[in-house]
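Asker: Next comes the structure file protein22.txt, holding compact mmCIF, C-alpha atoms.
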```txt
# COMPACT_ATOMS: atom_id res chain seq x y z
CA MET A 1 -10.27 28.71 20.17
CA VAL A 2 -7.87 31.17 18.62
CA ARG A 3 -9.13 30.29 15.18
CA SER A 4 -12.69 31.32 15.89
CA ALA A 5 -11.56 34.61 17.44
CA ARG A 6 -9.70 35.50 14.27
CA ARG A 7 -12.67 34.78 12.10
CA GLU A 8 -14.86 37.03 14.18
CA TYR A 9 -12.28 39.77 14.10
CA GLU A 10 -11.84 39.56 10.32
CA ALA A 11 -15.56 39.53 9.81
CA ASP A 12 -15.85 42.98 11.42
CA VAL A 13 -13.39 44.66 9.01
CA SER A 14 -15.08 46.99 6.57
CA ALA A 15 -14.24 46.56 2.87
CA GLN A 16 -15.21 50.12 2.01
CA GLN A 17 -12.49 52.76 1.79
CA PRO A 18 -13.05 56.29 3.13
CA PRO A 19 -13.34 58.93 0.37
CA ALA A 20 -10.11 60.70 -0.56
CA GLU A 21 -9.83 64.22 0.76
CA GLU A 22 -9.11 67.15 -1.56
CA ASN A 23 -5.47 68.23 -1.05
CA ALA A 24 -5.04 65.65 1.69
CA ARG A 25 -1.29 66.18 1.99
CA PHE A 26 -1.07 69.97 2.29
CA PRO A 27 -3.79 72.47 3.02
CA GLU A 28 -3.91 75.06 0.23
CA GLU A 29 -2.64 77.96 2.32
CA ASN A 30 0.54 75.97 3.13
CA GLU A 31 1.27 74.77 -0.40
CA HIS A 32 4.40 75.95 -2.17
CA ALA A 33 3.38 78.65 -4.66
CA GLY A 34 6.06 77.82 -7.23
CA ARG A 35 5.17 74.14 -7.65
CA THR A 36 3.04 72.84 -10.48
CA GLY A 37 -0.37 71.31 -9.92
CA GLY A 38 0.68 67.68 -10.20
CA PRO A 39 2.24 65.01 -12.34
CA GLU A 40 -0.28 65.60 -15.14
CA THR A 41 1.33 68.86 -16.25
CA ALA A 42 3.10 68.68 -19.59
CA PRO A 43 6.84 69.32 -19.84
CA GLN A 44 7.82 72.78 -20.91
CA GLU A 45 7.96 73.27 -24.66
CA GLY A 46 10.99 74.81 -26.26
CA PRO A 47 13.09 74.71 -29.38
CA GLU A 48 15.17 71.60 -29.79
CA THR A 49 18.83 72.32 -30.11
CA PRO A 50 20.58 70.00 -32.52
CA GLY A 51 23.49 68.30 -30.86
CA ARG A 52 26.12 65.77 -31.52
CA LEU A 53 25.23 62.14 -30.98
CA ILE A 54 27.18 61.00 -27.95
CA PRO A 55 27.88 57.27 -27.77
CA ARG A 56 26.61 55.43 -24.73
CA ARG A 57 29.37 55.03 -22.21
CA SER A 58 28.49 52.08 -20.04
CA PHE A 59 29.68 48.55 -19.43
CA THR A 60 26.73 46.36 -20.35
CA PRO A 61 26.51 42.55 -20.34
CA ALA A 62 26.85 42.66 -24.15
CA ASP A 63 30.32 44.20 -23.65
CA ARG A 64 31.56 41.26 -21.57
CA ILE A 65 33.07 37.94 -22.47
CA ARG A 66 31.09 35.63 -20.24
CA LYS A 67 31.60 32.00 -21.21
CA ARG A 68 34.64 29.89 -20.41
CA SER A 69 34.67 28.59 -23.98
CA GLU A 70 34.96 32.17 -25.30
CA TYR A 71 37.93 32.85 -23.01
CA GLN A 72 39.61 29.62 -24.14
CA HIS A 73 39.00 30.50 -27.80
CA VAL A 74 40.72 33.88 -27.30
CA TYR A 75 43.63 32.25 -25.42
CA ARG A 76 44.15 29.61 -28.14
CA ASN A 77 43.64 31.74 -31.26
CA GLY A 78 44.30 35.32 -30.15
CA ARG A 79 47.41 37.43 -30.21
CA LYS A 80 49.20 37.98 -26.91
CA ILE A 81 51.23 40.90 -25.61
CA ALA A 82 52.83 41.12 -22.18
CA SER A 83 53.29 44.29 -20.19
CA ARG A 84 54.61 45.10 -16.74
CA SER A 85 51.07 45.31 -15.32
CA PHE A 86 49.06 42.86 -17.42
CA ILE A 87 48.94 40.33 -20.25
CA LEU A 88 46.60 41.32 -23.08
CA PHE A 89 45.02 38.90 -25.55
CA HIS A 90 43.11 40.07 -28.64
CA LEU A 91 41.07 38.16 -31.19
CA GLU A 92 38.79 39.54 -33.90
CA ASN A 93 35.13 38.69 -33.39
CA PRO A 94 32.24 38.62 -35.88
CA LEU A 95 30.18 40.98 -33.70
CA GLY A 96 31.85 44.15 -34.99
CA ARG A 97 32.26 45.64 -31.51
CA PRO A 98 34.81 45.29 -28.72
CA ARG A 99 34.21 43.01 -25.74
CA LEU A 100 36.24 42.68 -22.55
CA GLY A 101 37.12 39.73 -20.35
CA ILE A 102 39.18 39.98 -17.17
CA THR A 103 40.80 37.09 -15.33
CA ALA A 104 42.31 38.15 -12.03
CA THR A 105 43.80 35.14 -10.24
CA ARG A 106 44.73 34.76 -6.59
CA LYS A 107 48.40 35.06 -7.53
CA MET A 108 47.98 38.83 -7.74
CA GLY A 109 46.84 39.22 -4.14
CA PRO A 110 43.78 39.33 -1.92
CA ALA A 111 40.23 39.98 -3.16
CA VAL A 112 40.52 43.72 -2.52
CA SER A 113 43.45 43.97 -4.94
CA ARG A 114 41.78 41.79 -7.56
CA ASN A 115 38.55 43.78 -7.41
CA ARG A 116 40.39 47.11 -7.68
CA ALA A 117 42.25 45.83 -10.74
CA LYS A 118 38.99 44.71 -12.35
CA ARG A 119 37.32 48.06 -11.61
CA LEU A 120 40.24 49.94 -13.20
CA LEU A 121 40.15 47.78 -16.32
CA ARG A 122 36.37 48.07 -16.69
CA GLU A 123 36.57 51.85 -16.33
CA TRP A 124 39.29 52.05 -18.98
CA PHE A 125 37.19 49.90 -21.32
CA ARG A 126 34.03 51.92 -20.66
CA VAL A 127 35.77 55.18 -21.62
CA ALA A 128 37.82 53.76 -24.52
CA LYS A 129 35.07 51.57 -26.02
CA PRO A 130 34.03 54.04 -28.78
CA TRP A 131 37.63 54.21 -30.06
CA LEU A 132 38.63 50.56 -29.67
CA PRO A 133 38.82 48.29 -32.70
CA SER A 134 36.34 45.43 -32.76
CA GLY A 135 37.35 42.16 -31.21
CA ASP A 136 37.57 40.30 -27.94
CA PHE A 137 40.06 41.63 -25.38
CA VAL A 138 41.07 39.44 -22.45
CA VAL A 139 43.26 41.05 -19.79
CA ASN A 140 45.13 39.09 -17.14
CA PRO A 141 46.20 41.69 -14.57
CA ARG A 142 49.47 41.20 -12.71
CA GLU A 143 50.34 42.09 -9.14
CA GLY A 144 50.88 45.85 -8.87
CA ILE A 145 48.23 46.97 -11.37
CA GLN A 146 45.95 48.04 -8.51
CA ARG A 147 48.47 50.73 -7.55
CA LEU A 148 48.28 52.38 -10.98
CA GLY A 149 46.04 55.34 -11.70
CA ILE A 150 43.57 55.21 -14.55
CA GLU A 151 45.75 57.52 -16.70
CA GLN A 152 48.84 55.33 -16.26
CA LEU A 153 46.84 52.21 -17.05
CA ALA A 154 45.30 53.83 -20.15
CA ARG A 155 48.78 54.80 -21.43
CA GLU A 156 50.10 51.29 -20.87
CA LEU A 157 47.09 49.71 -22.60
CA LYS A 158 47.38 52.13 -25.53
CA THR A 159 51.02 51.14 -25.94
CA ALA A 160 50.08 47.45 -25.85
CA LEU A 161 47.40 48.00 -28.49
CA ARG A 162 49.93 49.78 -30.72
CA ARG A 163 52.38 46.90 -30.27
CA LEU A 164 49.63 44.50 -31.36
CA GLY A 165 49.14 46.60 -34.48
CA LEU A 166 45.66 47.75 -33.52
CA GLU A 167 44.85 51.34 -34.35
CA GLU A 168 42.25 53.31 -32.47
CA ARG A 169 39.41 54.45 -34.66
CA ARG A 170 37.99 57.92 -34.29
CA ILE A 171 34.31 58.78 -34.35
```
Show me, as structure tokens, the structure contained in the file I just sent.
Answerer:
Amino acid sequence: MVRSARREYEADVSAQQPPAEENARFPEENEHAGRTGGPETAPQEGPETPGRLIPRRSFTPADRIRKRSEYQHVYRNGRKIASRSFILFHLENPLGRPRLGITATRKMGPAVSRNRAKRLLREWFRVAKPWLPSGDFVVNPREGIQRLGIEQLARELKTALRRLGLEERRI
């Protein structure tokens, strides 16, 4: 019974759409006078000012070490330096750009602490990426790193890089 009622109801629906009204959203007397006519208007023309090329500052998937085998390769073959707040491993890679891997274990505290540590390290890498030498960097944060500020962490990482013999390159 219900089935037949639906069919009758659907049969009465018109397939034709009503014609669109001119200025259906705002009547002309209420439109904002300073706005342009619509999305079809071209952007304003002007002289291009030559500027410096600014490197992209983001943390993309290409900047990450993702596979377990890549982490293990860095652990086995890379150079290691220990700090108060982290252990840093570095290994040259054939990609010609720096990549970052972070391993925050449960030993350093609850998930909130681990996530804060990872956010701090990713932010440092995002900012320092244009000046870092190429290679894979794996950071094992220690308990207490989440209490550091980004400036303190950057100083400590810069010191660790110097101790590894890695110089920052300038653009």
Asker: Name all residues at most 9 Å from stretch 96-107 of chain A (count all atoms listed in the file; drop same-chain ones fewer than 6 positions away) and give them as a list in words.
Answerer: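 Counting all atoms listed in the file, the residues come to Ala62, Asp63, Arg64, Ile65, Arg66, Tyr71, Arg114, Asn115, Ala117, Lys118, Leu121, Arg122, Phe125, Lys129, Pro130, Leu132, Pro133, Ser134, Gly135, Asp136, Phe137, Val138, Val139, Asn140, Pro141, Arg142 and Glu143 of chain A.
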Asker: From the list A:Leu95, A:Ile87, A:Gln146, A:Pro61, which residue is nearest A:Pro110 when using all atoms listed in the file?
Answerer: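 Among the listed residues, the smallest separation from A:Pro110 belongs to A:Gln146.
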Asker: Mind giving me the straight-line distance from atom CA of A:Ala111 to atom CA of A:Arg155 in Å, one decimal?
Answerer: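 Going from atom CA of A:Ala111 over to atom CA of A:Arg155 covers 25.0 Å.
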Asker: Hey, which of A:Pro19, A:Gly149, A:Gly144, A:Gly165 ends up closest to A:Phe86? Count only C-alpha atoms.
Answerer: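 Comparing A:Pro19, A:Gly149, A:Gly144, A:Gly165 against A:Phe86, the winner is A:Gly144.
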Asker: Can you measure atom CA of A:Arg116 to atom CA of A:Lys80 for me? One decimal in Å is fine.
Answerer: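 So the two atoms, atom CA of A:Arg116 and atom CA of A:Lys80, lie 23.0 Å apart.
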Asker: Measuring between only C-alpha atoms, which one of A:Ala128, A:Leu120, A:Ala15, A:Ile145 shows the shortest distance to A:Ser83?
Answerer: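 Once distances to A:Ser83 are computed over only C-alpha atoms, the minimum belongs to A:Ile145.
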Asker: For A:Ala160, which of A:Trp131, A:Gln16, A:Leu88, A:Arg68 is the closest residue, counting all atoms listed in the file?
Answerer: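 Under the stated criterion, the closest residue is A:Leu88.
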Asker: Report, in Å to a single decimal, how far apart atom CA of A:Trp124 and atom CA of A:Ile150 are.
Answerer: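 If I compute the distance from atom CA of A:Ile150 to atom CA of A:Trp124, I get 6.9 Å.
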